[in-house]
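Trainee: Input protein38.cif, format and content: mmCIF, C-alpha atoms and all ligand atoms.
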```
data_query
#
loop_
_atom_site.label_atom_id
_atom_site.label_comp_id
_atom_site.auth_asym_id
_atom_site.auth_seq_id
_atom_site.Cartn_x
_atom_site.Cartn_y
_atom_site.Cartn_z
CA MET A 174 0.00 0.00 0.00
CA SER A 175 1.23 3.45 -0.86
CA GLU A 176 2.23 5.85 1.94
CA LEU A 177 -0.39 8.12 0.44
CA PHE A 178 -3.29 6.14 1.84
CA LYS A 179 -1.98 5.39 5.33
CA ASN A 180 -3.29 6.96 8.56
CA LEU A 181 -6.49 8.35 7.15
CA GLU A 182 -8.95 7.09 9.80
CA ASN A 183 -10.71 9.87 11.75
CA LYS A 184 -8.40 12.56 10.44
CA SER A 185 -9.38 15.98 9.17
CA ILE A 186 -7.73 16.26 5.77
CA LEU A 187 -6.69 19.20 3.62
CA ILE A 188 -5.54 18.80 0.02
CA THR A 189 -3.65 21.74 -1.44
CA GLY A 190 -0.86 22.86 -3.77
CA HIS A 191 0.98 25.95 -4.94
CA ILE A 192 -0.54 29.42 -4.98
CA ASN A 193 -2.51 30.16 -8.17
CA PRO A 194 -2.57 26.46 -9.06
CA ASP A 195 -1.93 25.32 -12.64
CA GLY A 196 -3.33 22.32 -14.49
CA ASP A 197 -0.95 19.92 -12.75
CA ALA A 198 -1.53 21.15 -9.18
CA LEU A 199 -5.31 21.30 -9.71
CA GLY A 200 -5.44 18.01 -11.59
CA ALA A 201 -3.49 16.14 -8.91
CA ALA A 202 -5.36 17.68 -5.97
CA LEU A 203 -8.82 17.18 -7.47
CA ALA A 204 -8.04 13.62 -8.58
CA PHE A 205 -6.90 12.80 -5.05
CA LYS A 206 -10.01 14.41 -3.53
CA ILE A 207 -12.28 12.31 -5.75
CA ILE A 208 -10.34 9.14 -4.87
CA LEU A 209 -10.51 9.84 -1.11
CA ASN A 210 -14.25 10.47 -1.41
CA GLU A 211 -14.68 7.21 -3.30
CA LEU A 212 -12.82 5.48 -0.46
CA ASP A 213 -15.24 7.17 2.00
CA TYR A 214 -12.85 9.73 3.45
CA ASP A 215 -13.81 13.37 3.65
CA ALA A 216 -11.29 16.01 2.58
CA ASP A 217 -11.24 19.72 1.73
CA VAL A 218 -9.44 20.98 -1.35
CA CYS A 219 -8.28 24.56 -1.01
CA PHE A 220 -5.65 26.82 -2.59
CA ASP A 221 -4.51 30.39 -2.28
CA ILE A 222 -6.03 31.73 -5.48
CA LYS A 223 -5.17 35.40 -6.02
CA GLU A 224 -7.13 35.90 -9.22
CA ASN A 225 -9.78 33.81 -10.89
CA LEU A 226 -8.58 30.47 -12.15
CA PRO A 227 -7.91 30.52 -15.90
CA SER A 228 -11.07 29.58 -17.81
CA ASN A 229 -9.10 27.07 -19.87
CA LEU A 230 -9.04 24.81 -16.80
CA ASN A 231 -12.80 24.91 -16.21
CA HIS A 232 -13.25 21.42 -17.61
CA LEU A 233 -11.92 20.29 -14.21
CA PRO A 234 -14.41 19.75 -11.34
CA LEU A 235 -13.56 23.14 -9.81
CA ASP A 236 -16.80 23.07 -7.76
CA LEU A 237 -14.99 20.60 -5.46
CA ILE A 238 -12.72 23.42 -4.25
CA THR A 239 -13.52 24.90 -0.83
CA ARG A 240 -13.20 28.69 -0.70
CA GLU A 241 -12.34 29.05 2.98
CA PRO A 242 -10.33 26.36 4.78
CA LYS A 243 -11.01 25.25 8.36
CA GLU A 244 -8.75 26.52 11.14
CA HIS A 245 -6.91 23.25 11.58
CA TYR A 246 -6.30 19.98 9.78
CA ASP A 247 -4.67 16.82 11.14
CA LYS A 248 -3.28 15.88 7.77
CA VAL A 249 -2.25 18.11 4.89
CA TYR A 250 -1.53 16.77 1.41
CA VAL A 251 0.51 19.10 -0.78
CA PHE A 252 0.72 18.58 -4.54
CA ASP A 253 3.13 20.17 -7.01
CA CYS A 254 4.76 22.45 -4.45
CA GLY A 255 8.18 21.92 -2.88
CA ASN A 256 8.28 24.95 -0.62
CA PRO A 257 5.78 25.87 2.14
CA GLN A 258 5.96 29.58 1.26
CA ARG A 259 4.50 28.71 -2.13
CA LEU A 260 1.30 27.64 -0.33
CA GLY A 261 0.55 31.33 0.26
CA LYS A 262 -2.14 31.86 2.87
CA LEU A 263 -2.39 28.10 3.51
CA GLU A 264 1.20 27.85 4.73
CA SER A 265 0.27 28.09 8.42
CA LEU A 266 -2.08 25.10 8.04
CA SER A 267 0.87 23.01 6.89
CA HIS A 268 2.86 24.05 9.99
CA SER A 269 0.05 23.27 12.44
CA ALA A 270 -0.82 19.91 10.89
CA THR A 271 0.28 16.68 12.60
CA GLU A 272 1.44 15.26 9.30
CA VAL A 273 2.30 16.79 5.92
CA VAL A 274 2.54 14.63 2.82
CA VAL A 275 4.25 16.21 -0.20
CA VAL A 276 3.72 14.70 -3.65
CA ASP A 277 5.82 16.48 -6.22
CA HIS A 278 8.19 16.48 -9.17
CA HIS A 279 10.26 19.54 -8.24
CA ILE A 280 13.78 19.02 -6.92
CA ASP A 281 14.52 19.08 -3.17
CA PRO A 282 11.23 19.84 -1.45
CA SER A 283 12.02 21.74 1.74
CA PHE A 284 9.17 20.29 3.82
CA GLY A 285 6.92 17.27 4.34
CA ASP A 286 6.92 14.48 6.93
CA ILE A 287 6.34 12.11 4.05
CA GLN A 288 7.75 12.99 0.64
CA ILE A 289 6.71 11.18 -2.49
CA ILE A 290 8.98 12.89 -4.98
CA ASP A 291 10.43 12.20 -8.39
CA PRO A 292 12.14 15.18 -10.03
CA THR A 293 12.44 13.16 -13.24
CA ALA A 294 8.66 12.74 -13.50
CA ALA A 295 6.97 14.95 -16.08
CA SER A 296 4.09 15.95 -13.81
CA THR A 297 2.83 15.58 -10.26
CA THR A 298 -0.15 13.69 -11.68
CA GLN A 299 2.36 11.13 -13.00
CA VAL A 300 3.79 10.66 -9.49
CA LEU A 301 0.25 10.35 -8.12
CA PHE A 302 -0.74 7.87 -10.83
CA ARG A 303 2.10 5.53 -9.80
CA GLU A 304 0.89 5.60 -6.19
CA ILE A 305 -2.69 4.87 -7.21
CA LYS A 306 -1.51 1.89 -9.25
CA LYS A 307 0.01 0.35 -6.11
CA PHE A 308 -3.38 -0.84 -5.03
CA ASN A 309 -6.33 -2.30 -6.83
CA TYR A 310 -8.24 0.84 -7.66
CA GLN A 311 -10.43 1.38 -10.71
CA ILE A 312 -9.71 4.88 -12.10
CA SER A 313 -12.98 6.66 -12.90
CA GLN A 314 -13.46 9.02 -15.86
CA ASP A 315 -13.40 12.08 -13.56
CA VAL A 316 -10.09 11.01 -12.01
CA ALA A 317 -8.69 10.14 -15.46
CA ASN A 318 -9.55 13.63 -16.76
CA CYS A 319 -7.87 15.31 -13.79
CA LEU A 320 -4.69 13.24 -14.10
CA MET A 321 -4.61 13.70 -17.87
CA THR A 322 -4.85 17.48 -17.44
CA GLY A 323 -1.64 17.57 -15.40
CA LEU A 324 0.08 15.27 -17.86
CA ILE A 325 -0.92 17.38 -20.87
CA THR A 326 -0.10 20.78 -19.36
CA ASP A 327 3.25 19.86 -17.81
CA THR A 328 4.48 18.11 -20.96
CA GLY A 329 3.19 20.87 -23.26
CA ARG A 330 0.90 18.39 -25.01
CA PHE A 331 3.46 15.57 -24.92
CA GLN A 332 6.15 17.68 -26.58
CA TYR A 333 8.61 18.81 -23.89
CA SER A 334 11.77 16.82 -23.23
CA ASN A 335 10.19 15.36 -20.06
CA THR A 336 7.84 13.29 -22.27
CA ASP A 337 9.04 9.68 -22.14
CA SER A 338 7.44 6.34 -22.84
CA GLU A 339 6.04 6.13 -19.30
CA VAL A 340 4.11 9.33 -19.94
CA PHE A 341 2.51 7.74 -23.01
CA ASN A 342 1.83 4.50 -21.13
CA ILE A 343 0.04 6.46 -18.42
CA ALA A 344 -1.85 8.51 -21.01
CA ALA A 345 -2.94 5.26 -22.67
CA GLU A 346 -4.20 3.85 -19.37
CA LEU A 347 -6.05 7.09 -18.67
CA MET A 348 -7.69 6.89 -22.11
CA ASN A 349 -8.82 3.36 -21.22
CA SER A 350 -10.37 4.85 -18.08
CA GLY A 351 -12.32 7.31 -20.21
CA ALA A 352 -10.09 10.41 -20.24
CA GLU A 353 -11.44 12.92 -22.76
CA LEU A 354 -8.21 13.97 -24.47
CA THR A 355 -9.82 16.08 -27.21
CA LYS A 356 -12.16 17.91 -24.85
CA ILE A 357 -9.31 18.70 -22.43
CA SER A 358 -6.82 19.77 -25.15
CA GLU A 359 -9.42 21.88 -26.93
CA ASN A 360 -10.30 23.70 -23.70
CA ILE A 361 -6.70 24.29 -22.67
CA TYR A 362 -5.08 25.09 -26.03
CA GLY A 363 -7.84 25.58 -28.57
CA SER A 364 -9.96 28.30 -26.97
CA ILE A 365 -8.45 31.75 -26.59
CA SER A 366 -10.81 34.68 -26.10
CA PHE A 367 -10.91 37.34 -28.83
CA ASN A 368 -9.41 39.90 -26.41
CA ALA A 369 -6.60 37.55 -25.46
CA MET A 370 -5.85 37.03 -29.14
CA LYS A 371 -5.59 40.80 -29.65
CA LEU A 372 -3.32 41.16 -26.62
CA GLN A 373 -1.18 38.37 -28.02
CA SER A 374 -0.68 40.32 -31.25
CA GLU A 375 0.58 43.28 -29.17
CA ILE A 376 3.00 41.08 -27.20
CA ILE A 377 4.31 39.57 -30.42
CA LYS A 378 4.81 43.07 -31.87
CA ARG A 379 7.09 43.86 -28.90
CA ILE A 380 9.22 40.78 -29.28
CA GLU A 381 13.02 41.16 -29.25
CA LEU A 382 15.68 38.66 -30.25
CA PHE A 383 19.14 38.67 -28.66
CA THR A 384 21.01 36.49 -31.08
CA ASP A 385 24.23 36.21 -29.06
CA HIS A 386 22.32 34.66 -26.18
CA SER A 387 19.77 32.79 -28.26
CA LEU A 388 17.22 34.64 -26.14
CA VAL A 389 13.81 35.87 -27.17
CA PHE A 390 11.97 38.37 -24.99
CA SER A 391 8.67 40.18 -24.64
CA TYR A 392 6.59 41.76 -21.89
CA VAL A 393 3.08 42.54 -20.68
CA LEU A 394 2.28 45.78 -18.86
CA GLN A 395 -0.51 46.37 -16.35
CA GLU A 396 -2.17 48.84 -18.73
CA ASP A 397 -2.48 46.06 -21.33
CA TYR A 398 -5.01 44.27 -19.15
CA ASN A 399 -7.19 47.39 -19.19
CA THR A 400 -6.66 48.15 -22.87
CA TYR A 401 -7.66 44.63 -23.88
CA ASN A 402 -10.15 44.10 -21.05
CA ILE A 403 -8.64 40.84 -19.90
CA GLU A 404 -7.48 39.26 -16.65
CA GLU A 405 -3.87 38.25 -16.09
CA SER A 406 -4.95 34.68 -15.41
CA GLU A 407 -6.15 34.43 -19.03
CA VAL A 408 -2.76 35.06 -20.63
CA ASP A 409 -0.65 32.20 -19.29
CA PHE A 410 -0.35 30.91 -22.84
CA LEU A 411 1.69 33.90 -24.09
CA ILE A 412 5.05 32.37 -23.17
CA ASP A 413 4.18 29.47 -25.47
CA SER A 414 3.87 31.87 -28.42
CA ILE A 415 7.13 33.66 -27.60
CA ARG A 416 9.13 30.45 -27.32
CA LEU A 417 8.28 29.42 -30.89
CA VAL A 418 10.95 31.70 -32.39
CA LYS A 419 13.25 29.42 -34.32
CA GLU A 420 16.38 31.55 -33.81
CA SER A 421 16.17 31.25 -30.01
CA ASN A 422 16.51 28.48 -27.44
CA ILE A 423 15.59 30.50 -24.36
CA ALA A 424 12.40 32.53 -23.97
CA LEU A 425 11.67 35.18 -21.34
CA LEU A 426 8.32 36.85 -20.77
CA LEU A 427 7.97 39.55 -18.12
CA LYS A 428 4.56 40.45 -16.72
CA GLU A 429 4.26 43.67 -14.82
CA GLN A 430 2.41 43.42 -11.49
CA PRO A 431 0.15 46.06 -9.87
CA ASP A 432 3.07 47.12 -7.61
CA LYS A 433 5.30 47.60 -10.69
CA SER A 434 7.41 44.52 -9.91
CA PHE A 435 7.64 41.77 -12.54
CA LYS A 436 6.79 38.11 -12.76
CA GLY A 437 9.06 36.29 -15.17
CA SER A 438 8.50 33.07 -17.11
CA LEU A 439 11.44 31.25 -18.66
CA ARG A 440 11.52 28.39 -21.16
CA SER A 441 14.47 26.47 -22.55
CA ARG A 442 14.67 23.99 -25.37
CA ASN A 443 18.35 23.14 -25.14
CA ASN A 444 20.71 22.23 -22.28
CA ILE A 445 20.50 25.69 -20.66
CA ASP A 446 18.85 25.11 -17.27
CA VAL A 447 16.28 27.88 -16.70
CA GLN A 448 15.59 26.66 -13.16
CA LEU A 449 19.12 27.86 -12.33
CA ILE A 450 18.42 31.22 -13.97
CA ALA A 451 15.13 31.67 -12.07
CA SER A 452 16.91 30.83 -8.81
CA ILE A 453 19.05 34.00 -9.20
CA PHE A 454 15.82 35.92 -8.60
CA GLY A 455 14.68 33.55 -5.84
CA GLY A 456 12.37 31.64 -8.18
CA GLY A 457 12.26 28.02 -9.19
CA GLY A 458 10.70 25.36 -11.38
CA HIS A 459 12.26 22.91 -13.77
CA LYS A 460 15.18 22.70 -16.16
CA ALA A 461 13.02 23.54 -19.18
CA ALA A 462 10.38 25.78 -17.55
CA SER A 463 10.67 28.07 -14.57
CA GLY A 464 9.40 31.30 -13.06
CA PHE A 465 10.36 34.08 -10.67
CA SER A 466 9.31 37.43 -9.21
CA THR A 467 11.56 40.48 -9.11
CA THR A 468 11.62 44.19 -8.32
CA TYR A 469 14.43 44.84 -10.85
CA ASP A 470 13.46 46.87 -13.89
CA MET A 471 13.13 45.21 -17.26
CA LYS A 472 16.58 46.10 -18.55
CA ASP A 473 18.27 44.76 -15.40
CA VAL A 474 16.33 41.50 -15.59
CA ILE A 475 17.35 41.00 -19.23
CA ASP A 476 21.01 41.73 -18.35
CA GLN A 477 20.94 39.28 -15.43
CA VAL A 478 19.34 36.59 -17.58
CA LYS A 479 21.95 37.12 -20.32
CA LYS A 480 24.76 36.82 -17.75
CA ALA A 481 23.22 33.65 -16.37
CA ILE A 482 22.99 32.19 -19.88
CA GLU A 483 26.67 33.08 -20.50
CA SER A 484 27.71 31.33 -17.30
CA GLN A 485 26.14 28.11 -18.59
CA LEU A 486 27.67 28.25 -22.07
MN MN A 501 3.85 20.37 -12.10
#
```
In structure tokens, what does this structure look like?

Mentor:
Amino acid sequence: MSELFKNLENKSILITGHINPDGDALGAALAFKIILNELDYDADVCFDIKENLPSNLNHLPLDLITREPKEHYDKVYVFDCGNPQRLGKLESLSHSATEVVVVDHHIDPSFGDIQIIDPTAASTTQVLFREIKKFNYQISQDVANCLMTGLITDTGRFQYSNTDSEVFNIAAELMNSGAELTKISENIYGSISFNAMKLQSEIIKRIELFTDHSLVFSYVLQEDYNTYNIEESEVDFLIDSIRLVKESNIALLLKEQPDKSFKGSLRSRNNIDVQLIASIFGGGGHKAASGFSTTYDMKDVIDQVKKAIESQL
């Protein structure tokens, strides 16, 4: 039996993940919630969600998310988050819990009484899938859709270098359990609002290429959200447009925040490790995809990123 399902009797249980959860954090947490319910255990799912969740994830059973957590939980399950600060307002609940279980694919989680970690796994839902397979459990369509969502988003539709044969084997098993691949992919990647499309054209107009560093760059300003009448949570896909530039291997997108600081997204498609670059700004992530927050101005960030690329050449 997996560690995941031990010590559940008469425990109050919270399931959570990183602040502003993505498809992997939501998919893993919601899949686990459904499984616990099917096994007759009650559990709350709650995240620190600063804005609305992106509408391209609304194929997930988001109605299972509790808005306000209770004051205390005996057991806290954390998905796709290796650092308690990344839990945002739920961090204190992880400190007061008797037991914290971290399921993740980031390197070196800094907390968790029980850690079920594989930094080589493509997604947290992949790590969770392996645990589920350790006992005789029939994966329902709802669970399959949640797990598939994490697998699709964290592999960039089975294209990133983290996509190996195990990923396809899991995807195949999830299809056998009824996962709706087309519906999920269409919602995540095939439905951009008209306003988001117009904002995208603006971001693409601003694009810059730094040939010496094989770096492509663009940015979003706060005023853009007003001009195009769109929420920040709806433009997560922009980095995926920027990174398409053939002449670059590294992509950087900066998004201005209300306090004039920036959130940065980095992507790499060669051996440059963008997790290392993000860590200069106190951020993190993976070798091929990472993020950070900074109060440096745009020019300084670009200079720092260039230097960090040079140091890896
Ligand atoms: Mn993930």

Trainee: May I ask you to write as a VMD selection string all residues lying at most 9 Å from ligand MN 501 (chain A), with only C-alpha atoms and all ligand atoms counted?

Mentor: chain A and resid 195 to 198 252 to 254 277 to 279 295 to 298 323 to 324 326 to 327 458 to 459

Trainee: In Å, with one decimal, what is the gap from CA of Gly255 in chain A to CA of Glu404 in chain A?

Mentor: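 A separation of 27.1 Å between them.
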
Trainee: Do you know which residues are at most 8 Å from Ser441 in chain A counting only C-alpha atoms, after dropping those on the same chain fewer than 2 positions away, and could you put them as a list in words?

Mentor: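 Surrounding residues, per the criterion: Asn422, Ile423, Ala424, Leu439, Asn443, Asn444, Ile445, Asp446, Val447, Lys460, Ala461 and Ala462 of chain A.
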
Trainee: For the residues selected in the previous step, produce a file with C-alpha atoms as a tab-separated table (two decimals), in the coordinates of the input.

Mentor:
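Once everything was written out, this is part_20.tsv:
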```tsv
chain	number	residue	atom	x	y	z
A	422	ASN	CA	16.51	28.48	-27.44
A	423	ILE	CA	15.59	30.50	-24.36
A	424	ALA	CA	12.40	32.53	-23.97
A	439	LEU	CA	11.44	31.25	-18.66
A	443	ASN	CA	18.35	23.14	-25.14
A	444	ASN	CA	20.71	22.23	-22.28
A	445	ILE	CA	20.50	25.69	-20.66
A	446	ASP	CA	18.85	25.11	-17.27
A	447	VAL	CA	16.28	27.88	-16.70
A	460	LYS	CA	15.18	22.70	-16.16
A	461	ALA	CA	13.02	23.54	-19.18
A	462	ALA	CA	10.38	25.78	-17.55
```

Trainee: Env of range 466-476 of chain A: 7 Å cut, atoms = only C-alpha atoms, seq-sep filter 6 positions within chain, self excluded. Answer as a list in words.

Mentor: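 The neighbour list is Ser434, Phe435, Lys436, Gly437, Phe454 and Gly456 of chain A.
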
Trainee: Quick check, in Å to one decimal: how far apart do CA of Pro234 in chain A and CA of Leu209 in chain A lie?

Mentor: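 Answer for the CA of Pro234 in chain A to CA of Leu209 in chain A separation: 14.8 Å.
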
Trainee: Using the atoms already present, construct N, CA and C atoms for range 177-203 of chain A and hand them back as a PDB file, in the frame of the given file.

Mentor:
```pdb
ATOM      1  N   LEU A 177       0.643   7.099   0.674  1.00  0.00           N
ATOM      2  CA  LEU A 177      -0.390   8.120   0.440  1.00  0.00           C
ATOM      3  C   LEU A 177      -1.693   7.804   1.167  1.00  0.00           C
ATOM      4  N   PHE A 178      -1.985   6.523   1.310  1.00  0.00           N
ATOM      5  CA  PHE A 178      -3.290   6.140   1.840  1.00  0.00           C
ATOM      6  C   PHE A 178      -3.231   5.609   3.256  1.00  0.00           C
ATOM      7  N   LYS A 179      -2.096   5.849   3.950  1.00  0.00           N
ATOM      8  CA  LYS A 179      -1.980   5.390   5.330  1.00  0.00           C
ATOM      9  C   LYS A 179      -2.474   6.449   6.303  1.00  0.00           C
ATOM     10  N   ASN A 180      -2.882   6.028   7.485  1.00  0.00           N
ATOM     11  CA  ASN A 180      -3.290   6.960   8.560  1.00  0.00           C
ATOM     12  C   ASN A 180      -4.365   7.947   8.151  1.00  0.00           C
ATOM     13  N   LEU A 181      -5.412   7.448   7.574  1.00  0.00           N
ATOM     14  CA  LEU A 181      -6.490   8.350   7.150  1.00  0.00           C
ATOM     15  C   LEU A 181      -7.696   8.318   8.085  1.00  0.00           C
ATOM     16  N   GLU A 182      -7.767   7.273   8.954  1.00  0.00           N
ATOM     17  CA  GLU A 182      -8.950   7.090   9.800  1.00  0.00           C
ATOM     18  C   GLU A 182      -9.137   8.272  10.760  1.00  0.00           C
ATOM     19  N   ASN A 183     -10.344   8.804  10.795  1.00  0.00           N
ATOM     20  CA  ASN A 183     -10.710   9.870  11.750  1.00  0.00           C
ATOM     21  C   ASN A 183      -9.771  11.068  11.730  1.00  0.00           C
ATOM     22  N   LYS A 184      -9.281  11.389  10.566  1.00  0.00           N
ATOM     23  CA  LYS A 184      -8.400  12.560  10.440  1.00  0.00           C
ATOM     24  C   LYS A 184      -9.138  13.641   9.646  1.00  0.00           C
ATOM     25  N   SER A 185      -8.922  14.894  10.046  1.00  0.00           N
ATOM     26  CA  SER A 185      -9.380  15.980   9.170  1.00  0.00           C
ATOM     27  C   SER A 185      -8.289  16.215   8.135  1.00  0.00           C
ATOM     28  N   ILE A 186      -8.708  16.287   6.871  1.00  0.00           N
ATOM     29  CA  ILE A 186      -7.730  16.260   5.770  1.00  0.00           C
ATOM     30  C   ILE A 186      -7.875  17.486   4.868  1.00  0.00           C
ATOM     31  N   LEU A 187      -6.746  18.109   4.605  1.00  0.00           N
ATOM     32  CA  LEU A 187      -6.690  19.200   3.620  1.00  0.00           C
ATOM     33  C   LEU A 187      -5.828  18.756   2.446  1.00  0.00           C
ATOM     34  N   ILE A 188      -6.319  19.050   1.234  1.00  0.00           N
ATOM     35  CA  ILE A 188      -5.540  18.800   0.020  1.00  0.00           C
ATOM     36  C   ILE A 188      -5.254  20.158  -0.608  1.00  0.00           C
ATOM     37  N   THR A 189      -3.981  20.426  -0.871  1.00  0.00           N
ATOM     38  CA  THR A 189      -3.650  21.740  -1.440  1.00  0.00           C
ATOM     39  C   THR A 189      -2.467  21.643  -2.388  1.00  0.00           C
ATOM     40  N   GLY A 190      -1.983  22.797  -2.840  1.00  0.00           N
ATOM     41  CA  GLY A 190      -0.860  22.860  -3.770  1.00  0.00           C
ATOM     42  C   GLY A 190      -0.416  24.298  -3.883  1.00  0.00           C
ATOM     43  N   HIS A 191       0.401  24.604  -4.874  1.00  0.00           N
ATOM     44  CA  HIS A 191       0.980  25.950  -4.940  1.00  0.00           C
ATOM     45  C   HIS A 191      -0.067  27.035  -5.215  1.00  0.00           C
ATOM     46  N   ILE A 192       0.289  28.225  -4.796  1.00  0.00           N
ATOM     47  CA  ILE A 192      -0.540  29.420  -4.980  1.00  0.00           C
ATOM     48  C   ILE A 192      -0.856  29.564  -6.482  1.00  0.00           C
ATOM     49  N   ASN A 193      -2.058  30.058  -6.771  1.00  0.00           N
ATOM     50  CA  ASN A 193      -2.510  30.160  -8.170  1.00  0.00           C
ATOM     51  C   ASN A 193      -2.234  28.854  -8.924  1.00  0.00           C
ATOM     52  N   PRO A 194      -2.904  27.783  -8.532  1.00  0.00           N
ATOM     53  CA  PRO A 194      -2.570  26.460  -9.060  1.00  0.00           C
ATOM     54  C   PRO A 194      -2.737  26.353 -10.581  1.00  0.00           C
ATOM     55  N   ASP A 195      -1.849  25.576 -11.198  1.00  0.00           N
ATOM     56  CA  ASP A 195      -1.930  25.320 -12.640  1.00  0.00           C
ATOM     57  C   ASP A 195      -2.631  23.987 -12.887  1.00  0.00           C
ATOM     58  N   GLY A 196      -2.615  23.542 -14.134  1.00  0.00           N
ATOM     59  CA  GLY A 196      -3.330  22.320 -14.490  1.00  0.00           C
ATOM     60  C   GLY A 196      -2.820  21.096 -13.742  1.00  0.00           C
ATOM     61  N   ASP A 197      -1.530  21.072 -13.444  1.00  0.00           N
ATOM     62  CA  ASP A 197      -0.950  19.920 -12.750  1.00  0.00           C
ATOM     63  C   ASP A 197      -1.334  19.917 -11.267  1.00  0.00           C
ATOM     64  N   ALA A 198      -1.181  21.065 -10.611  1.00  0.00           N
ATOM     65  CA  ALA A 198      -1.530  21.150  -9.180  1.00  0.00           C
ATOM     66  C   ALA A 198      -3.027  20.883  -8.978  1.00  0.00           C
ATOM     67  N   LEU A 199      -3.861  21.501  -9.827  1.00  0.00           N
ATOM     68  CA  LEU A 199      -5.310  21.300  -9.710  1.00  0.00           C
ATOM     69  C   LEU A 199      -5.692  19.870 -10.055  1.00  0.00           C
ATOM     70  N   GLY A 200      -5.101  19.353 -11.143  1.00  0.00           N
ATOM     71  CA  GLY A 200      -5.440  18.010 -11.590  1.00  0.00           C
ATOM     72  C   GLY A 200      -5.107  16.963 -10.527  1.00  0.00           C
ATOM     73  N   ALA A 201      -3.909  17.102  -9.931  1.00  0.00           N
ATOM     74  CA  ALA A 201      -3.490  16.140  -8.910  1.00  0.00           C
ATOM     75  C   ALA A 201      -4.373  16.252  -7.666  1.00  0.00           C
ATOM     76  N   ALA A 202      -4.588  17.473  -7.200  1.00  0.00           N
ATOM     77  CA  ALA A 202      -5.360  17.680  -5.970  1.00  0.00           C
ATOM     78  C   ALA A 202      -6.805  17.212  -6.139  1.00  0.00           C
ATOM     79  N   LEU A 203      -7.415  17.556  -7.265  1.00  0.00           N
ATOM     80  CA  LEU A 203      -8.820  17.180  -7.470  1.00  0.00           C
ATOM     81  C   LEU A 203      -8.968  15.678  -7.691  1.00  0.00           C
TER      82      LEU A 203
END
```
